[in-house]
Amino acid sequence: MNELTELLSELVRVPSVGGTPAEAGIQTMLAEWMRETGLEVDLWELPLERLTADPAFPGMEVPRERAYGLVGRLPGTGGGRSLMFNGHVDVVPPGDLAAWTDDPFSGRVEQGRVYGRGACDMKGGLVAALLAVKQLKQARLSGDVLVACVVGEEDGGLGTYGLLDRGWRADACVIPEPTGLAVVPANAGALTFRLRVTGQSTHAARRTGGVSAIEKFLPVFAALRELEAARNRDVDPLMRAWDLPYALEIGTVHAGDWSSSVPGELVAEGRYGVALDESPARAKAALEAAVAAACAADPWLAAHPVTVEWWGGQFAPARNPDPALTEALVAATGTEPARWGAPYGSDLRLLAAAGIPAVQYGPGDIDLAHAPDEFVPIAEVAAASATLVRLASAHSA
């Protein structure tokens, strides 16, 4: 087993689910790897209370008592442009364990793939970046190369927000998210929302004397599907690779507290895609208007309107502001990679907002991310790493 496979398997075996102690622990582990590799290391505890109180904080969906930022720096000889590789260490929960062939955090190597939660999203890309920086030690570039390991990307962007708060910057950035080695210079946004539907409880045997919150949710759900269809009729050319670039989905529904009662309240939570170049405020207004229209058409809901709350991760859409970086990355691949805009949010928008040009490029199929038996092809990790080495060498000049 070579260094790439060993490191990737080792990282996958760390169950660094967002908000767990392992999310913090993997940062310490990676800091030690960086020190052994000869990088300058900045490992710090994120000031959670201060960061989360900032009005510009991008949101967080899981509680954290402690979290760490980590940057490894390969210093240049001077005068060149700096380049950052930014990868998140947090992963989503494995979900239904019965759907997995074996332990979700096995790090199993089989048929040229590494399996496990986070292998694709995005420890494969992180390993590509780490090994690229290690190889670049021999190149003596004029510009600094940074590898930033961030937490909390999956639920808002805590780590990159804290990275920028710490003062770390670069002239350009590559985020090795799973793109299947396509070049991705733009991201749609994604907003998390909560709906509260009010009904009127009574005994189920006398249900006509009550109002089911579930029944009253149905026209609201139908209105959201209509809104989704309208928002996807005419999309930016970068997003046409997807059948539904700006998805709107209800992920959880909770109603009632007893099987023999008419449910008096329903709470639904969902995820709402934001179009390229659309402000989150405008997107929110469109959803709120759709919900209000559905309520106005129903006598009960007109008198008891559904409330909309915006909470958790709030991902604005973003584009790479520097087309030259996109072209340099394309050239570094040595191929003619596909180019598209991602239908999901990422830390690209935080970096771009801070004036750092950023592009996504990395190993793995996004359709495997967050899924059972997630894996990343080892050959793609190696190819991505080689591309990052070539890009850094060209960018530093």
# chains A, B, ... in the order shown; residues from 1 in each chain; ligands from 1

call {"tool": "residues_around", "arguments": {"residues": "range 168-182 of chain A", "least_positions_apart": "2", "cutoff": "7 Å", "atoms": "only C-alpha atoms", "output": "number ranges by chain"}}
result
A: 81-87, 120-122, 125-126, 163-164, 166, 184, 337-339, 356-366, 384

call {"tool": "residues_around", "arguments": {"residues": "Gln111 in chain A", "least_positions_apart": "4", "cutoff": "12 Å", "atoms": "only C-alpha atoms", "output": "VMD selection string"}}
result
chain A and resid 115 375 to 379

call {"tool": "closest_residue", "arguments": {"among": "A:Glu49, A:Asp42, A:Glu154, A:Glu10", "to": "Glu65 in chain A", "atoms": "only C-alpha atoms"}}
result
A:Glu49

call {"tool": "closest_atom_pairs", "arguments": {"of": "range 98-167 of chain A", "to": "range 30-33 of chain A", "cutoff": "12 Å", "atoms": "only C-alpha atoms", "output": "JSON lines"}}
result
{"residue": "A:Lys123", "atom": "CA", "partner": "A:Leu30", "partner_atom": "CA", "distance": 11.6}
{"residue": "A:Leu126", "atom": "CA", "partner": "A:Leu30", "partner_atom": "CA", "distance": 10.5}
{"residue": "A:Val127", "atom": "CA", "partner": "A:Leu30", "partner_atom": "CA", "distance": 10.4}
{"residue": "A:Leu130", "atom": "CA", "partner": "A:Trp33", "partner_atom": "CA", "distance": 9.3}
{"residue": "A:Leu131", "atom": "CA", "partner": "A:Trp33", "partner_atom": "CA", "distance": 10.8}
{"residue": "A:Val133", "atom": "CA", "partner": "A:Trp33", "partner_atom": "CA", "distance": 12.0}
{"residue": "A:Lys134", "atom": "CA", "partner": "A:Trp33", "partner_atom": "CA", "distance": 10.4}
{"residue": "A:Val147", "atom": "CA", "partner": "A:Leu30", "partner_atom": "CA", "distance": 10.7}
{"residue": "A:Ala148", "atom": "CA", "partner": "A:Leu30", "partner_atom": "CA", "distance": 10.4}
{"residue": "A:Cys149", "atom": "CA", "partner": "A:Leu30", "partner_atom": "CA", "distance": 8.2}
{"residue": "A:Val150", "atom": "CA", "partner": "A:Leu30", "partner_atom": "CA", "distance": 11.0}

call {"tool": "atom_distance", "arguments": {"atom1": "CA of Pro58 in chain A", "atom2": "CA of Ala222 in chain A"}}
result
29.1 Å

call {"tool": "residues_around", "arguments": {"residues": "range 255-266 of chain A", "least_positions_apart": "6", "cutoff": "9 Å", "atoms": "only C-alpha atoms", "output": "list of chain:residue names"}}
result
A:Leu195, A:Arg196, A:Val197, A:Thr198, A:Gly199, A:Gln200, A:Ser201, A:Thr202, A:His203, A:Ala204, A:Ala205, A:Arg206, A:Arg207, A:Gly210, A:Val211, A:Ser212, A:Ala213, A:Ile214, A:Phe217

call {"tool": "write_last_selection", "arguments": {"atoms": "C-alpha atoms", "output": "compact mmCIF listing (two decimals), in the first residue's frame"}}
result
# COMPACT_ATOMS: atom_id res chain seq x y z
CA LEU A 195 -41.88 25.81 8.33
CA ARG A 196 -44.41 25.70 11.17
CA VAL A 197 -47.96 24.73 10.27
CA THR A 198 -50.69 25.19 12.86
CA GLY A 199 -53.70 22.88 13.08
CA GLN A 200 -56.19 22.12 15.83
CA SER A 201 -55.92 18.99 17.92
CA THR A 202 -58.78 16.73 18.91
CA HIS A 203 -59.44 13.04 19.33
CA ALA A 204 -58.88 11.15 16.08
CA ALA A 205 -62.31 9.49 16.44
CA ARG A 206 -63.84 12.97 16.09
CA ARG A 207 -61.35 14.32 13.56
CA GLY A 210 -60.18 19.40 14.50
CA VAL A 211 -57.81 20.57 11.78
CA SER A 212 -54.94 18.34 10.72
CA ALA A 213 -51.65 20.21 10.42
CA ILE A 214 -50.52 17.47 8.03
CA PHE A 217 -49.16 21.26 4.91

call {"tool": "residues_around", "arguments": {"residues": "Arg240 in chain A", "least_positions_apart": "3", "cutoff": "12 Å", "atoms": "only C-alpha atoms", "output": "list in words"}}
result
Asn232, Arg233, Asp234, Val235, Asp236, Pro237, Asp243, Leu244, Pro245, Tyr246, Leu276, Arg339, Trp340, Gly341, Ala342 and Pro343 of chain A

call {"tool": "write_last_selection", "arguments": {"atoms": "N, CA and C atoms", "output": "JSON list (two decimals), in the first residue's frame"}}
result
[["chain", "number", "residue", "atom", "x", "y", "z"],
["A", 232, "ASN", "N", -36.28, 26.81, -12.08],
["A", 232, "ASN", "CA", -35.36, 26.00, -12.87],
["A", 232, "ASN", "C", -35.67, 26.01, -14.36],
["A", 233, "ARG", "N", -36.57, 26.89, -14.80],
["A", 233, "ARG", "CA", -36.93, 26.92, -16.22],
["A", 233, "ARG", "C", -35.85, 27.55, -17.08],
["A", 234, "ASP", "N", -35.18, 28.56, -16.59],
["A", 234, "ASP", "CA", -34.18, 29.27, -17.39],
["A", 234, "ASP", "C", -32.97, 29.50, -16.50],
["A", 235, "VAL", "N", -31.91, 28.72, -16.71],
["A", 235, "VAL", "CA", -30.77, 28.77, -15.80],
["A", 235, "VAL", "C", -29.50, 29.18, -16.53],
["A", 236, "ASP", "N", -28.52, 29.59, -15.76],
["A", 236, "ASP", "CA", -27.22, 29.97, -16.30],
["A", 236, "ASP", "C", -26.60, 28.80, -17.06],
["A", 237, "PRO", "N", -25.91, 29.07, -18.18],
["A", 237, "PRO", "CA", -25.30, 27.97, -18.96],
["A", 237, "PRO", "C", -24.41, 27.05, -18.14],
["A", 243, "ASP", "N", -30.10, 18.32, -14.19],
["A", 243, "ASP", "CA", -31.53, 18.31, -14.50],
["A", 243, "ASP", "C", -32.31, 19.22, -13.57],
["A", 244, "LEU", "N", -31.78, 19.48, -12.37],
["A", 244, "LEU", "CA", -32.45, 20.34, -11.40],
["A", 244, "LEU", "C", -31.37, 21.13, -10.65],
["A", 245, "PRO", "N", -30.89, 22.22, -11.24],
["A", 245, "PRO", "CA", -29.76, 22.94, -10.64],
["A", 245, "PRO", "C", -30.07, 23.55, -9.27],
["A", 246, "TYR", "N", -31.30, 24.00, -9.10],
["A", 246, "TYR", "CA", -31.65, 24.72, -7.87],
["A", 246, "TYR", "C", -32.77, 23.96, -7.16],
["A", 276, "LEU", "N", -27.29, 31.17, -9.29],
["A", 276, "LEU", "CA", -26.10, 31.99, -9.50],
["A", 276, "LEU", "C", -26.50, 33.45, -9.67],
["A", 339, "ARG", "N", -16.41, 21.51, -17.62],
["A", 339, "ARG", "CA", -16.58, 22.69, -16.76],
["A", 339, "ARG", "C", -18.06, 22.84, -16.47],
["A", 340, "TRP", "N", -18.38, 23.04, -15.21],
["A", 340, "TRP", "CA", -19.78, 23.27, -14.84],
["A", 340, "TRP", "C", -19.85, 23.99, -13.51],
["A", 341, "GLY", "N", -21.03, 24.49, -13.23],
["A", 341, "GLY", "CA", -21.29, 25.09, -11.94],
["A", 341, "GLY", "C", -21.91, 24.05, -11.03],
["A", 342, "ALA", "N", -21.52, 24.03, -9.78],
["A", 342, "ALA", "CA", -22.03, 23.03, -8.84],
["A", 342, "ALA", "C", -23.40, 23.43, -8.31],
["A", 343, "PRO", "N", -24.31, 22.47, -8.17],
["A", 343, "PRO", "CA", -25.66, 22.78, -7.67],
["A", 343, "PRO", "C", -25.74, 22.86, -6.15]]

call {"tool": "residues_around", "arguments": {"residues": "Leu191 in chain A", "least_positions_apart": "6", "cutoff": "8 Å", "atoms": "only C-alpha atoms", "output": "MDAnalysis selection string"}}
result
chainID A and resid 271:274 280 310 312:316

call {"tool": "select_by_dssp", "arguments": {"residues": "range 233-280 of chain A", "states": "strand (DSSP E)", "output": "list in words"}}
result
Leu248, Glu249, Ile250, Gly251, Thr252, Val253, His254, Ala255, Glu265, Leu266, Val267, Ala268, Glu269, Gly270, Arg271, Tyr272, Gly273 and Val274 of chain A

call {"tool": "atom_distance", "arguments": {"atom1": "CA of Thr192 in chain A", "atom2": "CA of Val253 in chain A"}}
result
13.9 Å

call {"tool": "closest_residue", "arguments": {"among": "A:Val145, A:Ala186, A:Leu11, A:Leu368", "to": "Arg73 in chain A", "atoms": "only C-alpha atoms"}}
result
A:Val145

call {"tool": "atom_distance", "arguments": {"atom1": "CA of Glu278 in chain A", "atom2": "CA of Val308 in chain A"}}
result
19.6 Å

call {"tool": "residues_around", "arguments": {"residues": "Pro323 in chain A", "least_positions_apart": "4", "cutoff": "9 Å", "atoms": "only C-alpha atoms", "output": "JSON, numbers by chain"}}
result
{"A": [185, 327, 328, 357]}
